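A.B. asks: Next up is a structure, given as C-alpha cells.
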Amino acid sequence: MIISVINHTGGEIADEEVQRAIRAINRQIAEDFRPYWSFGAELRLEGRSGKRPSTQNLSDMRGDAILYLWNEVNVDDALGYHDANYAGIPFGFVFTELAKELEESWTTTLSHEALELIGDPEGNLLVKGPHPHDRRVHVFHWFEMCDAVQSESYEIDGVRVSNFVLPLYFTASDEMGGRNDFLGRSHEGETLKSFSVNPGGYLGFFNPATTKSESFFKEGDHLASRRLRIKTRAEGARRAFKHKQVKVGKRPSKAMGKGA
C-alpha cells in the first residue's frame, strides 16, 4: 500500500520537515510494525494543486490511500474536500491544531494515523472481546492500533512516533511472557493487558446490549478523558459512525483486576 501524504498546513510545516517525519515513520512501519503484523505500507509526500485545499483543484493523490496534514480543525470542510476529490479512497487527517491541544508532536499524530490507516483502511473492522467492566460479557472492539497506548511515543532518527499494540492484544489470552504493545512499558508494576488500556489511553467498542458505540478509559484518568474529548472533535474525519453515540465507561468492576 502506498499512502499519499498531502501537506495542507499553509506553510506552517515545511515539506522538508514532512519528508523527515515520513522517513522515520516508514522506518517504523518496516522495522517495528511489519515484523509483528506482517502487513504494512509506505508513506510518500505528494505535491499540491494549490496553496489551499479546493474541491475545484485536481486530485493530488497518486497512491492507494491518503493522509492530509491540515492546519485547521474544519472537519466538515475537510470531509467535503475529500469526498469531492477522492470518493471511496481510504483516508485520514492530521490536524496540527489538535496535535497542539493534545500536547504531542504532529509527527506522533501522523504516525498514529498512519498505523491505524494501515490496520483498518475503511475504519470498519471489529474484534470480539470482553467488556471492559465485565469480562464475562462480550462486545466488539474497534481494530485500532494506537488508541490504547496513545499517550506513549518513542524516537526514530530524532522524530517522535506513536507506540502501538501487538496482535496478542486482540486475543483473550494474557499468556506468560506475552507482549501486548511494542514498547512494553510497565505501569504500577504491570504491562498492558489484552483489551485494556495504559494511562492516557482509551478504547472503543460496539456494545450489542445497548446497540451503541462506547468508549472506556480508567477511572480518574483525566489525561485520557481530555484526549478523548479533543480527538472526538476530529474523529468524524474517518470514524464518524463510531462516535455518533459514544457512552464513556464508568468505574471498572473489581473482577477486572488491577491492570484492566
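Labels for the C-alpha cells follow display order: chains A, B, ..., residues from 1 in each chain, ligands from 1.
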Hey, what's within 9 Å of Asp64 (chain A) if we count only C-alpha atoms and toss same-chain stuff fewer than 3 positions away? As a short mmCIF file (atom, residue, chain, number, x, y, z; two decimals) with all heavy atoms, in the first residue's frame, please?

C.D. replies:
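And here is the file that came out, around-v5.cif:
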```cif
data_model
loop_
_atom_site.label_atom_id
_atom_site.label_comp_id
_atom_site.auth_asym_id
_atom_site.auth_seq_id
_atom_site.Cartn_x
_atom_site.Cartn_y
_atom_site.Cartn_z
N MET A 1 0.85 -1.20 0.00
CA MET A 1 0.00 0.00 0.00
C MET A 1 0.88 1.25 0.00
O MET A 1 1.82 1.34 0.78
CB MET A 1 -0.91 0.01 1.24
CG MET A 1 -1.72 1.30 1.40
SD MET A 1 -2.60 1.41 3.00
CE MET A 1 -3.97 0.30 2.69
N ILE A 2 0.58 2.17 -0.88
CA ILE A 2 1.22 3.48 -0.88
C ILE A 2 0.23 4.49 -0.31
O ILE A 2 -0.90 4.61 -0.80
CB ILE A 2 1.62 3.92 -2.30
CG1 ILE A 2 2.66 2.96 -2.89
CG2 ILE A 2 2.18 5.35 -2.28
CD1 ILE A 2 3.97 2.96 -2.17
N ILE A 3 0.64 5.19 0.76
CA ILE A 3 -0.21 6.23 1.36
C ILE A 3 0.34 7.59 0.97
O ILE A 3 1.46 7.95 1.33
CB ILE A 3 -0.24 6.10 2.90
CG1 ILE A 3 -0.78 4.72 3.30
CG2 ILE A 3 -1.09 7.21 3.51
CD1 ILE A 3 -0.77 4.48 4.81
N SER A 4 -0.43 8.33 0.20
CA SER A 4 -0.04 9.67 -0.19
C SER A 4 -0.24 10.63 0.98
O SER A 4 -1.28 10.60 1.64
CB SER A 4 -0.88 10.16 -1.38
OG SER A 4 -0.63 9.39 -2.52
N MET A 61 -3.53 12.84 -5.08
CA MET A 61 -3.18 11.51 -4.61
C MET A 61 -2.70 10.63 -5.75
O MET A 61 -3.31 10.59 -6.82
CB MET A 61 -4.36 10.84 -3.93
CG MET A 61 -3.96 9.58 -3.17
SD MET A 61 -5.36 8.54 -2.74
CE MET A 61 -5.65 7.76 -4.32
N ILE A 89 -11.83 6.35 -1.36
CA ILE A 89 -10.42 6.10 -1.06
C ILE A 89 -10.19 6.17 0.44
O ILE A 89 -10.61 7.13 1.09
CB ILE A 89 -9.52 7.15 -1.77
CG1 ILE A 89 -9.75 7.13 -3.28
CG2 ILE A 89 -8.06 6.91 -1.43
CD1 ILE A 89 -9.38 5.83 -3.94
N PRO A 90 -9.52 5.17 1.05
CA PRO A 90 -9.21 5.22 2.49
C PRO A 90 -8.41 6.48 2.81
O PRO A 90 -7.50 6.87 2.05
CB PRO A 90 -8.37 3.96 2.72
CG PRO A 90 -8.78 3.03 1.63
CD PRO A 90 -9.05 3.91 0.44
#
```

A.B. asks: List every residue of region 100-235 of chain A that DSSP, applied to the backbone of this structure, places in alpha helix (DSSP H), and write the result as a PyMOL selection string.

C.D. replies: chain A and resi 100-101+106-119+222-235

A.B. asks: Quick one: residues within 12 Å of region 116-121 of chain A, only C-alpha atoms counted, chain neighbours fewer than 4 positions away excluded, as a ChimeraX atom specification?

C.D. replies: /A:1-4,26,29,33-34,37-43,64-67,88-94,109-112,125-127,142-148,150,162-167,238-239

A.B. asks: Using C-alpha atoms, can you write the selected residues to a file as a tab-separated table (two decimals), in the first residue's frame?

C.D. replies:
```
chain	number	residue	atom	x	y	z
A	1	MET	CA	0.00	0.00	0.00
A	2	ILE	CA	1.22	3.48	-0.88
A	3	ILE	CA	-0.21	6.23	1.36
A	4	SER	CA	-0.04	9.67	-0.19
A	26	ASN	CA	8.47	4.46	7.06
A	29	ILE	CA	6.46	0.59	9.66
A	33	PHE	CA	5.33	-2.64	12.83
A	34	ARG	CA	5.54	-5.08	9.89
A	37	TRP	CA	1.72	-7.62	11.99
A	38	SER	CA	3.04	-8.97	8.65
A	39	PHE	CA	1.45	-6.14	6.70
A	40	GLY	CA	2.50	-2.57	6.12
A	41	ALA	CA	2.68	0.38	3.76
A	42	GLU	CA	4.89	3.24	2.66
A	43	LEU	CA	4.14	6.93	3.10
A	64	ASP	CA	-3.79	3.68	-2.55
A	65	ALA	CA	-4.80	5.83	0.44
A	66	ILE	CA	-4.30	9.38	1.61
A	67	LEU	CA	-3.33	11.29	4.75
A	88	GLY	CA	-14.15	5.72	-1.90
A	89	ILE	CA	-10.42	6.10	-1.06
A	90	PRO	CA	-9.21	5.22	2.49
A	91	PHE	CA	-8.09	8.41	4.24
A	92	GLY	CA	-7.13	10.11	7.47
A	93	PHE	CA	-6.38	13.58	8.81
A	94	VAL	CA	-3.66	15.05	10.99
A	109	THR	CA	-0.14	12.07	15.41
A	110	LEU	CA	0.94	11.32	11.83
A	111	SER	CA	2.47	8.01	12.97
A	112	HIS	CA	-0.70	7.18	14.93
A	125	LEU	CA	-13.16	-3.71	11.41
A	126	LEU	CA	-14.24	-5.07	14.80
A	127	VAL	CA	-12.81	-7.75	17.09
A	142	TRP	CA	-12.56	-1.30	17.30
A	143	PHE	CA	-9.49	-2.58	15.48
A	144	GLU	CA	-7.32	0.40	16.41
A	145	MET	CA	-3.55	0.17	16.57
A	146	CYS	CA	-2.70	3.07	18.89
A	147	ASP	CA	-5.64	4.34	20.96
A	148	ALA	CA	-4.99	2.08	23.96
A	150	GLN	CA	-1.90	6.78	22.65
A	162	SER	CA	3.48	6.53	18.32
A	163	ASN	CA	3.53	3.34	20.36
A	164	PHE	CA	1.18	0.64	19.03
A	165	VAL	CA	-0.45	-2.60	20.15
A	166	LEU	CA	0.64	-6.07	19.01
A	167	PRO	CA	-1.54	-8.96	17.73
A	238	ARG	CA	-12.64	8.85	9.41
A	239	ARG	CA	-14.68	7.05	12.08
```

A.B. asks: Could you give me, as a PyMOL selection string, the residues within 9 Å of Phe217 (chain A), counting only C-alpha atoms and dropping anything in the same chain fewer than 6 positions from it?

C.D. replies: chain A and resi 132+148+196-203+224-225+248-250

A.B. asks: Those same residues, written as a JSON list (two decimals), in the first residue's frame with all heavy atoms?

C.D. replies:
```json
[["chain", "number", "residue", "atom", "x", "y", "z"],
["A", 132, "PRO", "N", -15.10, -4.05, 29.02],
["A", 132, "PRO", "CA", -14.12, -3.54, 29.99],
["A", 132, "PRO", "C", -14.56, -3.67, 31.44],
["A", 132, "PRO", "O", -13.73, -3.76, 32.34],
["A", 132, "PRO", "CB", -13.97, -2.06, 29.61],
["A", 132, "PRO", "CG", -14.39, -1.98, 28.19],
["A", 132, "PRO", "CD", -15.45, -3.02, 28.02],
["A", 148, "ALA", "N", -5.17, 2.60, 22.60],
["A", 148, "ALA", "CA", -4.99, 2.08, 23.96],
["A", 148, "ALA", "C", -3.68, 2.55, 24.59],
["A", 148, "ALA", "O", -3.55, 2.57, 25.82],
["A", 148, "ALA", "CB", -5.03, 0.56, 23.96],
["A", 196, "SER", "N", -7.26, -3.91, 27.08],
["A", 196, "SER", "CA", -7.25, -2.93, 28.16],
["A", 196, "SER", "C", -6.53, -1.68, 27.68],
["A", 196, "SER", "O", -6.29, -1.51, 26.48],
["A", 196, "SER", "CB", -6.58, -3.52, 29.39],
["A", 196, "SER", "OG", -6.72, -2.65, 30.49],
["A", 197, "VAL", "N", -6.21, -0.77, 28.60],
["A", 197, "VAL", "CA", -5.59, 0.50, 28.24],
["A", 197, "VAL", "C", -4.46, 0.83, 29.20],
["A", 197, "VAL", "O", -4.47, 0.42, 30.36],
["A", 197, "VAL", "CB", -6.61, 1.66, 28.26],
["A", 197, "VAL", "CG1", -7.71, 1.45, 27.21],
["A", 197, "VAL", "CG2", -7.23, 1.83, 29.64],
["A", 198, "ASN", "N", -3.49, 1.56, 28.71],
["A", 198, "ASN", "CA", -2.46, 2.15, 29.55],
["A", 198, "ASN", "C", -2.89, 3.54, 29.97],
["A", 198, "ASN", "O", -3.81, 4.13, 29.35],
["A", 198, "ASN", "CB", -1.13, 2.20, 28.80],
["A", 198, "ASN", "CG", -0.34, 0.91, 28.93],
["A", 198, "ASN", "OD1", -0.69, 0.03, 29.70],
["A", 198, "ASN", "ND2", 0.73, 0.80, 28.16],
["A", 199, "PRO", "N", -2.28, 4.14, 30.99],
["A", 199, "PRO", "CA", -2.63, 5.51, 31.38],
["A", 199, "PRO", "C", -2.55, 6.46, 30.19],
["A", 199, "PRO", "O", -1.61, 6.43, 29.40],
["A", 199, "PRO", "CB", -1.55, 5.84, 32.42],
["A", 199, "PRO", "CG", -1.19, 4.52, 33.02],
["A", 199, "PRO", "CD", -1.25, 3.55, 31.88],
["A", 200, "GLY", "N", -3.59, 7.28, 30.05],
["A", 200, "GLY", "CA", -3.66, 8.22, 28.94],
["A", 200, "GLY", "C", -4.30, 7.65, 27.70],
["A", 200, "GLY", "O", -4.58, 8.38, 26.75],
["A", 201, "GLY", "N", -4.58, 6.35, 27.70],
["A", 201, "GLY", "CA", -5.18, 5.70, 26.54],
["A", 201, "GLY", "C", -6.65, 5.39, 26.75],
["A", 201, "GLY", "O", -7.15, 5.42, 27.87],
["A", 202, "TYR", "N", -7.33, 5.06, 25.68],
["A", 202, "TYR", "CA", -8.73, 4.66, 25.77],
["A", 202, "TYR", "C", -9.00, 3.61, 24.70],
["A", 202, "TYR", "O", -8.18, 3.38, 23.79],
["A", 202, "TYR", "CB", -9.67, 5.85, 25.59],
["A", 202, "TYR", "CG", -9.71, 6.45, 24.20],
["A", 202, "TYR", "CD1", -10.62, 5.99, 23.26],
["A", 202, "TYR", "CD2", -8.85, 7.48, 23.84],
["A", 202, "TYR", "CE1", -10.66, 6.53, 21.98],
["A", 202, "TYR", "CE2", -8.89, 8.03, 22.57],
["A", 202, "TYR", "CZ", -9.81, 7.55, 21.64],
["A", 202, "TYR", "OH", -9.83, 8.08, 20.38],
["A", 203, "LEU", "N", -10.12, 2.95, 24.80],
["A", 203, "LEU", "CA", -10.54, 2.00, 23.77],
["A", 203, "LEU", "C", -12.00, 2.24, 23.44],
["A", 203, "LEU", "O", -12.76, 2.80, 24.24],
["A", 203, "LEU", "CB", -10.28, 0.55, 24.22],
["A", 203, "LEU", "CG", -10.94, 0.03, 25.50],
["A", 203, "LEU", "CD1", -12.39, -0.41, 25.25],
["A", 203, "LEU", "CD2", -10.14, -1.15, 26.05],
["A", 224, "ALA", "N", -6.58, 10.87, 29.71],
["A", 224, "ALA", "CA", -7.31, 10.10, 28.71],
["A", 224, "ALA", "C", -8.64, 10.75, 28.39],
["A", 224, "ALA", "O", -9.05, 10.82, 27.22],
["A", 224, "ALA", "CB", -7.51, 8.66, 29.19],
["A", 225, "SER", "N", -9.34, 11.23, 29.44],
["A", 225, "SER", "CA", -10.63, 11.88, 29.24],
["A", 225, "SER", "C", -10.48, 13.12, 28.36],
["A", 225, "SER", "O", -11.26, 13.34, 27.42],
["A", 225, "SER", "CB", -11.23, 12.27, 30.59],
["A", 225, "SER", "OG", -12.42, 13.01, 30.43],
["A", 248, "VAL", "N", -19.28, 6.98, 27.63],
["A", 248, "VAL", "CA", -17.99, 6.82, 28.30],
["A", 248, "VAL", "C", -18.13, 5.83, 29.45],
["A", 248, "VAL", "O", -19.10, 5.87, 30.21],
["A", 248, "VAL", "CB", -17.47, 8.17, 28.82],
["A", 248, "VAL", "CG1", -16.17, 7.97, 29.60],
["A", 248, "VAL", "CG2", -17.24, 9.11, 27.65],
["A", 249, "GLY", "N", -17.15, 4.95, 29.57],
["A", 249, "GLY", "CA", -17.16, 3.91, 30.59],
["A", 249, "GLY", "C", -17.13, 4.46, 32.00],
["A", 249, "GLY", "O", -16.58, 5.53, 32.26],
["A", 250, "LYS", "N", -17.69, 3.70, 32.94],
["A", 250, "LYS", "CA", -17.69, 4.07, 34.35],
["A", 250, "LYS", "C", -16.64, 3.25, 35.09],
["A", 250, "LYS", "O", -15.77, 2.64, 34.49],
["A", 250, "LYS", "CB", -19.08, 3.82, 34.95],
["A", 250, "LYS", "CG", -20.17, 4.69, 34.30],
["A", 250, "LYS", "CD", -21.52, 4.38, 34.91],
["A", 250, "LYS", "CE", -22.61, 5.21, 34.25],
["A", 250, "LYS", "NZ", -23.94, 4.91, 34.81]]
```
